[in-house]
Number of protein chains: 2
Amino acid sequence: MKRRTFIKTSSISALSLGAFGLSGLENKHYQNYANLRVSEKRLVDRIAELAKFGIDEKRRGYRIAYSQGDIDGRAWFIDLMKKAGLNPQIDAAGNLIGKRKGKNAALRPIAFGSHIDMVPEGGNYDGTLGSLAALEVIEILNENKVTTDHPLEVIIFANEEGGTIGSMAMVGHLTADGLQQKSQIGLTQAEGIKAIGGNPDAISSVIRKKGDLKAFLELHIEQGGILEQENIEIGVVEGIVGIVHWEVTVEGFANHAGTTPMKLRKDALLAASKFITAVNEIALKIEGNHVATVGKIDAMPGAYNVIPGKVVLGLEIRDLSFEKIEMLFAEMEKQAVSIATETKTKISFERQANEVKPALTDKTLQQTIEKSAEALGLNTKYMQSGAGHDAQEIAMIAPVAMIFVPSVGGISHSPKEFTKSIDMANGANVLLQTILSVDKT
Amino acid sequence: MKRRTFIKTSSISALSLGAFGLSGLENKHYQNYANLRVSEKRLVDRIAELAKFGIDEKRRGYRIAYSQGDIDGRAWFIDLMKKAGLNPQIDAAGNLIGKRKGKNAALRPIAFGSHIDMVPEGGNYDGTLGSLAALEVIEILNENKVTTDHPLEVIIFANEEGGTIGSMAMVGHLTADGLQQKSQIGLTQAEGIKAIGGNPDAISSVIRKKGDLKAFLELHIEQGGILEQENIEIGVVEGIVGIVHWEVTVEGFANHAGTTPMKLRKDALLAASKFITAVNEIALKIEGNHVATVGKIDAMPGAYNVIPGKVVLGLEIRDLSFEKIEMLFAEMEKQAVSIATETKTKISFERQANEVKPALTDKTLQQTIEKSAEALGLNTKYMQSGAGHDAQEIAMIAPVAMIFVPSVGGISHSPKEFTKSIDMANGANVLLQTILSVDKT
């Protein structure tokens, strides 16, 4: 985790270390592998090129899953996969899968990748970095004529931002009901999957069984500000947080704002405000990496001259441990009781059905990432992922790991999302070296 | 203001006090007048009858200005005015005006009345009590063959709830622009005025000059809970509060709710919540009858998983003194500065153009109301009106006064709005006696 001076090596694809006096083919081979580096320029150029697909009339990114931008971006990506010899296939869920043979066909594949769809008004790094870095890994191996022992698979998942649809299908969790739900663009998931070349009627053909993959690795931007704040180059993800949503209803009494004295009010918005403040205080007071957010509020009837009689809030808590989420919520619920008494209101909670279970990454893979980063002269931090990722689904059938690189200002899901070129290259090099290490186990 | 035992006299229209041994025609006459009482039953029955006009499919009151319910209710009211010999006229603004001659045509008229339009899902007492009590006063005078010195005018103002349109027109404040604005029912004010028999092209014909009326008196339900809480029968209104609205914008930074640690957030909704709590604390801490309300809130983008980047609030402050409103706002603004610093957000205020200046009632009329109530054995309290009323407009051209009676539970602008029959009769009797007293000055 200590900070080392970074040596810029990204323009060198491979170094022969024969000059270092190492003897023996195996050793030399190993050292050659260890010195493989991605092309920072090619990676960065492709990030910029992909960003051109899916632009709305306001010049903002609009590569939402199943949109024309998504379809065009995928076509461009498929073309690159073909050029890299990956023989890309679209599976029934719309996932793009490219395969590269290993020396030993009996070994299970090492998979890696991410997604290229985006949220509305999203940024150019979320998902695209992991996707283009995966392709970059293949190209470097091609250029250096390296054949791994294990088969390799590049997977670009369909509709990650709209509910990790492609990876859910791959682990057998996309139900017939789920296929009929509307996607962000208005099509049902089934219609959207068809639009990108999948076949929703054969959705079960994409299911991978537990043990089918040796590992799944995903490089991603952090989407938070921790790495940048702490001057860390590589985040080793310990797990992806679980998420629970509650709809919070505050009931007071709507009354005339002019004629109801301050002391006689049952102001639902005042109670809601005290609760929002309490949520924040509890989240700050209790130690840990959890987050708690009230992101939605609706006050009724919603006029300057009426005391709000009812307020509905959206409360979200995330943590790597479900027990921690429950504990935080219990504290908030307790506070709500005293706020309700104080404000003469009623506060009730409805837990939403869409909860996401935490997913832990594989400890051995975490260590491999850490060692690969250290060998590259990069400092690391073990951390959680506050955002959901396809790796979260794949964790149900394979050992998974994630590599994080810094997001400038911690900004994500925004046109202001940005990751420095050097950080992208660092992440891709760690991905490459981790794959090579895993291949040797 | 002391509480006296109330003697139910409402079923007695007039008492001859000759038996009390008073001598002289004038004295007897005066005593006869002092003992005139409205018919509680007739008043209450008519309140119930008027409530039948304008009922929506959910059986809720829908006598919004210019609606069919309003038109039907007005037709019923016009019929009653005719029967009471008031020769009702609809002026160009749609106000219903009924006149009763006095002994001295050279004297200026004493006017009284209210409105019969209602808010959507409103109650059956707001406006209707003052309107039907005005009619009741006329009928009692008719039945007892009393002719006042001054001419009397019953005025039922058009569209009070949609912006005191009729009374604004009467004081010359309804502009051509104002006539083109949409009313609650979707028609422009001009279209609405036409629908109820007015003539928007001749709107200036309704203007009364300062000094045209001797006085304007309005009986109204309190719409707040003070009289009921303090066991007071009659509120003597000192003035109608001024109202200022501010649009408050809180700017933080919208970010991923999963990946942004608690300490790195610029949560606009958290800042807004602290501000809403501060508004309430300041309003409670500072002495006085002012009220401060945040009744509107909009948090953007408004999703469970995004930290709100921007929140817009509606802040309203009401008081009888503009200086007090300014002082309260200055305190809130000061608090906003420290909340903004603490939460790393920006809070700005935009004062809205629609502010309403406070209107003070006439001190002599206040005292006349108090004396009339005391003579009726009713206890009184000097208080402000937190709601706007037509009297507020008329105050610009004439001495005005308002009589309040208790609202059960302080509820108004709601189907739950209720005032007891005895309280309505008390108010109508105070109105009657006040008119008779004013007539003698």
# chains A, B, ... in the order shown; residues from 1 in each chain; ligands from 1

$ select_by_dssp --residues "segment 217-410 of chain A" --states "strand (DSSP E)" --output "count of residues only"
66

$ closest_atom_pairs --of "chain B" --to "chain A" --cutoff "6 Å" --atoms "only C-alpha atoms" --output "JSON lines"
{"residue": "B:Gln223", "atom": "CA", "partner": "A:Thr259", "partner_atom": "CA", "distance": 5.8}
{"residue": "B:Gly224", "atom": "CA", "partner": "A:Thr259", "partner_atom": "CA", "distance": 4.5}
{"residue": "B:Gly258", "atom": "CA", "partner": "A:Gly386", "partner_atom": "CA", "distance": 4.1}
{"residue": "B:Thr259", "atom": "CA", "partner": "A:Gly386", "partner_atom": "CA", "distance": 4.3}
{"residue": "B:Thr260", "atom": "CA", "partner": "A:Gly224", "partner_atom": "CA", "distance": 4.9}
{"residue": "B:Ser273", "atom": "CA", "partner": "A:Ser273", "partner_atom": "CA", "distance": 4.2}
{"residue": "B:Gly295", "atom": "CA", "partner": "A:Tyr304", "partner_atom": "CA", "distance": 4.8}
{"residue": "B:Lys296", "atom": "CA", "partner": "A:Gly302", "partner_atom": "CA", "distance": 4.5}
{"residue": "B:Gly302", "atom": "CA", "partner": "A:Lys296", "partner_atom": "CA", "distance": 4.5}
{"residue": "B:Ala303", "atom": "CA", "partner": "A:Gly295", "partner_atom": "CA", "distance": 5.3}
{"residue": "B:Tyr304", "atom": "CA", "partner": "A:Gly295", "partner_atom": "CA", "distance": 4.8}
{"residue": "B:Val306", "atom": "CA", "partner": "A:Gly295", "partner_atom": "CA", "distance": 5.7}
{"residue": "B:Ile307", "atom": "CA", "partner": "A:Gly295", "partner_atom": "CA", "distance": 5.4}
{"residue": "B:Pro308", "atom": "CA", "partner": "A:Gly295", "partner_atom": "CA", "distance": 5.6}
{"residue": "B:Gly314", "atom": "CA", "partner": "A:Tyr304", "partner_atom": "CA", "distance": 5.5}
{"residue": "B:Gly386", "atom": "CA", "partner": "A:Gly258", "partner_atom": "CA", "distance": 4.1}
{"residue": "B:Ala387", "atom": "CA", "partner": "A:Gly258", "partner_atom": "CA", "distance": 5.0}

$ write_last_selection --atoms "all heavy atoms" --output "short mmCIF file (atom, residue, chain, number, x, y, z; two decimals), in the first residue's frame"
data_model
loop_
_atom_site.label_atom_id
_atom_site.label_comp_id
_atom_site.auth_asym_id
_atom_site.auth_seq_id
_atom_site.Cartn_x
_atom_site.Cartn_y
_atom_site.Cartn_z
N GLN B 223 -60.53 29.85 10.53
CA GLN B 223 -59.66 28.99 9.71
C GLN B 223 -58.39 28.58 10.45
O GLN B 223 -57.50 27.97 9.85
CB GLN B 223 -59.28 29.67 8.38
CG GLN B 223 -60.48 30.06 7.53
CD GLN B 223 -60.06 30.60 6.17
OE1 GLN B 223 -59.90 31.80 6.01
NE2 GLN B 223 -59.88 29.73 5.21
N GLY B 224 -58.28 28.93 11.72
CA GLY B 224 -57.16 28.51 12.55
C GLY B 224 -57.74 27.98 13.85
O GLY B 224 -58.97 27.95 14.02
N GLY B 258 -23.98 5.38 -3.94
CA GLY B 258 -23.28 4.19 -3.45
C GLY B 258 -21.80 4.42 -3.29
O GLY B 258 -21.16 3.83 -2.43
N THR B 259 -21.25 5.29 -4.11
CA THR B 259 -19.79 5.40 -4.18
C THR B 259 -19.25 6.66 -3.52
O THR B 259 -18.04 6.82 -3.42
CB THR B 259 -19.34 5.41 -5.65
OG1 THR B 259 -19.95 6.53 -6.29
CG2 THR B 259 -19.73 4.14 -6.36
N THR B 260 -20.13 7.56 -3.10
CA THR B 260 -19.66 8.81 -2.51
C THR B 260 -19.73 8.72 -0.99
O THR B 260 -20.82 8.65 -0.42
CB THR B 260 -20.52 10.00 -3.01
OG1 THR B 260 -20.68 9.88 -4.43
CG2 THR B 260 -19.86 11.32 -2.67
N SER B 273 -33.00 20.23 4.39
CA SER B 273 -33.64 19.73 5.61
C SER B 273 -33.22 20.54 6.83
O SER B 273 -34.03 20.87 7.69
CB SER B 273 -33.29 18.26 5.83
OG SER B 273 -33.81 17.49 4.77
N GLY B 295 -43.74 24.87 2.35
CA GLY B 295 -44.84 24.00 1.92
C GLY B 295 -44.54 23.23 0.65
O GLY B 295 -45.26 22.31 0.27
N LYS B 296 -43.44 23.62 -0.03
CA LYS B 296 -43.09 23.02 -1.33
C LYS B 296 -41.65 22.55 -1.29
O LYS B 296 -40.80 23.25 -0.77
CB LYS B 296 -43.13 24.09 -2.43
CG LYS B 296 -44.48 24.47 -2.91
CD LYS B 296 -44.34 25.56 -3.98
CE LYS B 296 -43.88 24.98 -5.31
NZ LYS B 296 -44.21 25.92 -6.42
N GLY B 302 -33.77 13.22 -7.96
CA GLY B 302 -34.91 12.57 -7.34
C GLY B 302 -34.97 11.08 -7.55
O GLY B 302 -35.95 10.54 -8.04
N ALA B 303 -33.89 10.39 -7.18
CA ALA B 303 -33.85 8.93 -7.30
C ALA B 303 -33.25 8.37 -6.01
O ALA B 303 -32.50 9.06 -5.32
CB ALA B 303 -32.99 8.52 -8.49
N TYR B 304 -33.62 7.14 -5.69
CA TYR B 304 -33.09 6.49 -4.49
C TYR B 304 -31.56 6.54 -4.45
O TYR B 304 -30.97 6.70 -3.41
CB TYR B 304 -33.51 5.02 -4.47
CG TYR B 304 -34.84 4.72 -3.81
CD1 TYR B 304 -35.98 4.52 -4.57
CD2 TYR B 304 -34.93 4.61 -2.43
CE1 TYR B 304 -37.20 4.22 -3.96
CE2 TYR B 304 -36.15 4.31 -1.81
CZ TYR B 304 -37.28 4.11 -2.58
OH TYR B 304 -38.47 3.82 -1.98
N VAL B 306 -29.24 8.48 -6.08
CA VAL B 306 -28.46 9.67 -6.43
C VAL B 306 -28.58 10.70 -5.30
O VAL B 306 -29.68 11.01 -4.85
CB VAL B 306 -28.93 10.31 -7.76
CG1 VAL B 306 -28.00 11.45 -8.16
CG2 VAL B 306 -28.99 9.26 -8.88
N ILE B 307 -27.44 11.20 -4.84
CA ILE B 307 -27.44 12.27 -3.84
C ILE B 307 -28.01 13.51 -4.50
O ILE B 307 -27.51 13.92 -5.56
CB ILE B 307 -26.00 12.54 -3.35
CG1 ILE B 307 -25.40 11.28 -2.72
CG2 ILE B 307 -25.96 13.71 -2.37
CD1 ILE B 307 -23.88 11.32 -2.63
N PRO B 308 -29.07 14.12 -3.93
CA PRO B 308 -29.66 15.27 -4.61
C PRO B 308 -28.66 16.41 -4.79
O PRO B 308 -27.97 16.81 -3.86
CB PRO B 308 -30.80 15.68 -3.66
CG PRO B 308 -31.15 14.42 -2.94
CD PRO B 308 -29.83 13.73 -2.74
N GLY B 314 -40.21 26.27 -1.33
CA GLY B 314 -41.08 27.45 -1.27
C GLY B 314 -41.22 27.89 0.18
O GLY B 314 -41.73 27.14 0.99
N GLY B 386 -54.65 35.27 9.59
CA GLY B 386 -53.51 34.70 8.88
C GLY B 386 -53.83 34.43 7.42
O GLY B 386 -52.94 34.27 6.59
N ALA B 387 -55.11 34.40 7.11
CA ALA B 387 -55.54 34.16 5.73
C ALA B 387 -55.88 35.49 5.07
O ALA B 387 -56.19 36.46 5.75
CB ALA B 387 -56.76 33.25 5.73
#

$ residues_around --residues "Thr188 of chain A" --least-positions-apart "6" --cutoff "12 Å" --atoms "only C-alpha atoms" --output "number ranges by chain"
A: 65-66, 159, 162, 165, 176-182, 194-195, 200

$ closest_residue --among "A:Lys416, A:Lys103, A:Lys440, A:Arg42" --to "Asp126 of chain A" --atoms "only C-alpha atoms"
A:Lys416

$ residues_around --residues "Val206 of chain A" --least-positions-apart "6" --cutoff "9 Å" --atoms "only C-alpha atoms" --output "list of chain:residue names"
A:Asp91, A:Ala92, A:Ala93, A:Asn95, A:Ala169, A:Met170, A:Val171, A:Gly172

$ decode --residues "segment 105-126 of chain B" --atoms "N, CA, C and O atoms" --output "tab-separated table (two decimals), in the first residue's frame"
chain	number	residue	atom	x	y	z
B	105	ALA	N	-80.53	59.16	2.12
B	105	ALA	CA	-79.86	58.76	0.88
B	105	ALA	C	-78.52	59.48	0.72
B	105	ALA	O	-77.66	59.05	-0.07
B	106	ALA	N	-78.30	60.53	1.49
B	106	ALA	CA	-77.05	61.29	1.37
B	106	ALA	C	-75.90	60.59	2.12
B	106	ALA	O	-74.73	60.89	1.88
B	107	LEU	N	-76.26	59.67	2.99
B	107	LEU	CA	-75.20	58.96	3.74
B	107	LEU	C	-74.57	57.88	2.87
B	107	LEU	O	-75.21	57.33	1.96
B	108	ARG	N	-73.33	57.59	3.19
B	108	ARG	CA	-72.63	56.55	2.41
B	108	ARG	C	-73.04	55.16	2.90
B	108	ARG	O	-73.30	54.98	4.10
B	109	PRO	N	-73.08	54.21	2.02
B	109	PRO	CA	-73.55	52.88	2.44
B	109	PRO	C	-72.60	52.16	3.40
B	109	PRO	O	-71.38	52.31	3.32
B	110	ILE	N	-73.20	51.38	4.28
B	110	ILE	CA	-72.45	50.42	5.09
B	110	ILE	C	-72.52	49.10	4.32
B	110	ILE	O	-73.61	48.61	4.02
B	111	ALA	N	-71.34	48.57	3.95
B	111	ALA	CA	-71.32	47.33	3.16
B	111	ALA	C	-70.87	46.16	4.02
B	111	ALA	O	-70.11	46.33	4.98
B	112	PHE	N	-71.33	44.99	3.68
B	112	PHE	CA	-70.91	43.78	4.38
B	112	PHE	C	-71.18	42.58	3.48
B	112	PHE	O	-72.03	42.66	2.59
B	113	GLY	N	-70.46	41.53	3.73
B	113	GLY	CA	-70.62	40.35	2.88
B	113	GLY	C	-69.35	39.51	2.91
B	113	GLY	O	-68.51	39.66	3.80
B	114	SER	N	-69.24	38.64	1.93
B	114	SER	CA	-68.07	37.75	1.84
B	114	SER	C	-68.10	37.09	0.45
B	114	SER	O	-68.38	37.79	-0.53
B	115	HIS	N	-67.89	35.80	0.36
B	115	HIS	CA	-67.86	35.12	-0.95
B	115	HIS	C	-68.47	33.73	-0.82
B	115	HIS	O	-68.50	33.18	0.29
B	116	ILE	N	-68.91	33.16	-1.92
B	116	ILE	CA	-69.45	31.78	-1.85
B	116	ILE	C	-68.67	30.79	-2.71
B	116	ILE	O	-69.00	29.62	-2.76
B	117	ASP	N	-67.63	31.26	-3.40
B	117	ASP	CA	-66.79	30.30	-4.15
B	117	ASP	C	-65.90	29.57	-3.14
B	117	ASP	O	-65.68	30.05	-2.02
B	118	MET	N	-65.38	28.44	-3.51
B	118	MET	CA	-64.55	27.64	-2.60
B	118	MET	C	-63.28	27.11	-3.28
B	118	MET	O	-63.20	27.11	-4.51
B	119	VAL	N	-62.33	26.67	-2.45
B	119	VAL	CA	-61.15	26.00	-3.01
B	119	VAL	C	-61.55	24.58	-3.41
B	119	VAL	O	-62.56	24.08	-2.93
B	120	PRO	N	-60.77	23.92	-4.27
B	120	PRO	CA	-61.06	22.51	-4.58
B	120	PRO	C	-61.02	21.71	-3.28
B	120	PRO	O	-60.14	21.94	-2.46
B	121	GLU	N	-61.95	20.81	-3.12
B	121	GLU	CA	-62.03	20.02	-1.87
B	121	GLU	C	-62.07	20.90	-0.63
B	121	GLU	O	-61.45	20.59	0.38
B	122	GLY	N	-62.75	22.01	-0.76
B	122	GLY	CA	-62.83	22.94	0.36
B	122	GLY	C	-63.93	22.56	1.33
B	122	GLY	O	-64.49	21.47	1.28
B	123	GLY	N	-64.24	23.51	2.23
B	123	GLY	CA	-65.25	23.27	3.24
B	123	GLY	C	-66.49	24.11	3.00
B	123	GLY	O	-66.56	24.87	2.04
B	124	ASN	N	-67.47	23.97	3.89
B	124	ASN	CA	-68.77	24.60	3.68
B	124	ASN	C	-68.99	25.87	4.48
B	124	ASN	O	-70.11	26.38	4.52
B	125	TYR	N	-67.97	26.42	5.10
B	125	TYR	CA	-68.15	27.56	6.00
B	125	TYR	C	-67.35	28.79	5.55
B	125	TYR	O	-67.80	29.92	5.73
B	126	ASP	N	-66.19	28.54	4.97
B	126	ASP	CA	-65.30	29.60	4.49
B	126	ASP	C	-66.05	30.45	3.45
B	126	ASP	O	-66.37	29.96	2.38
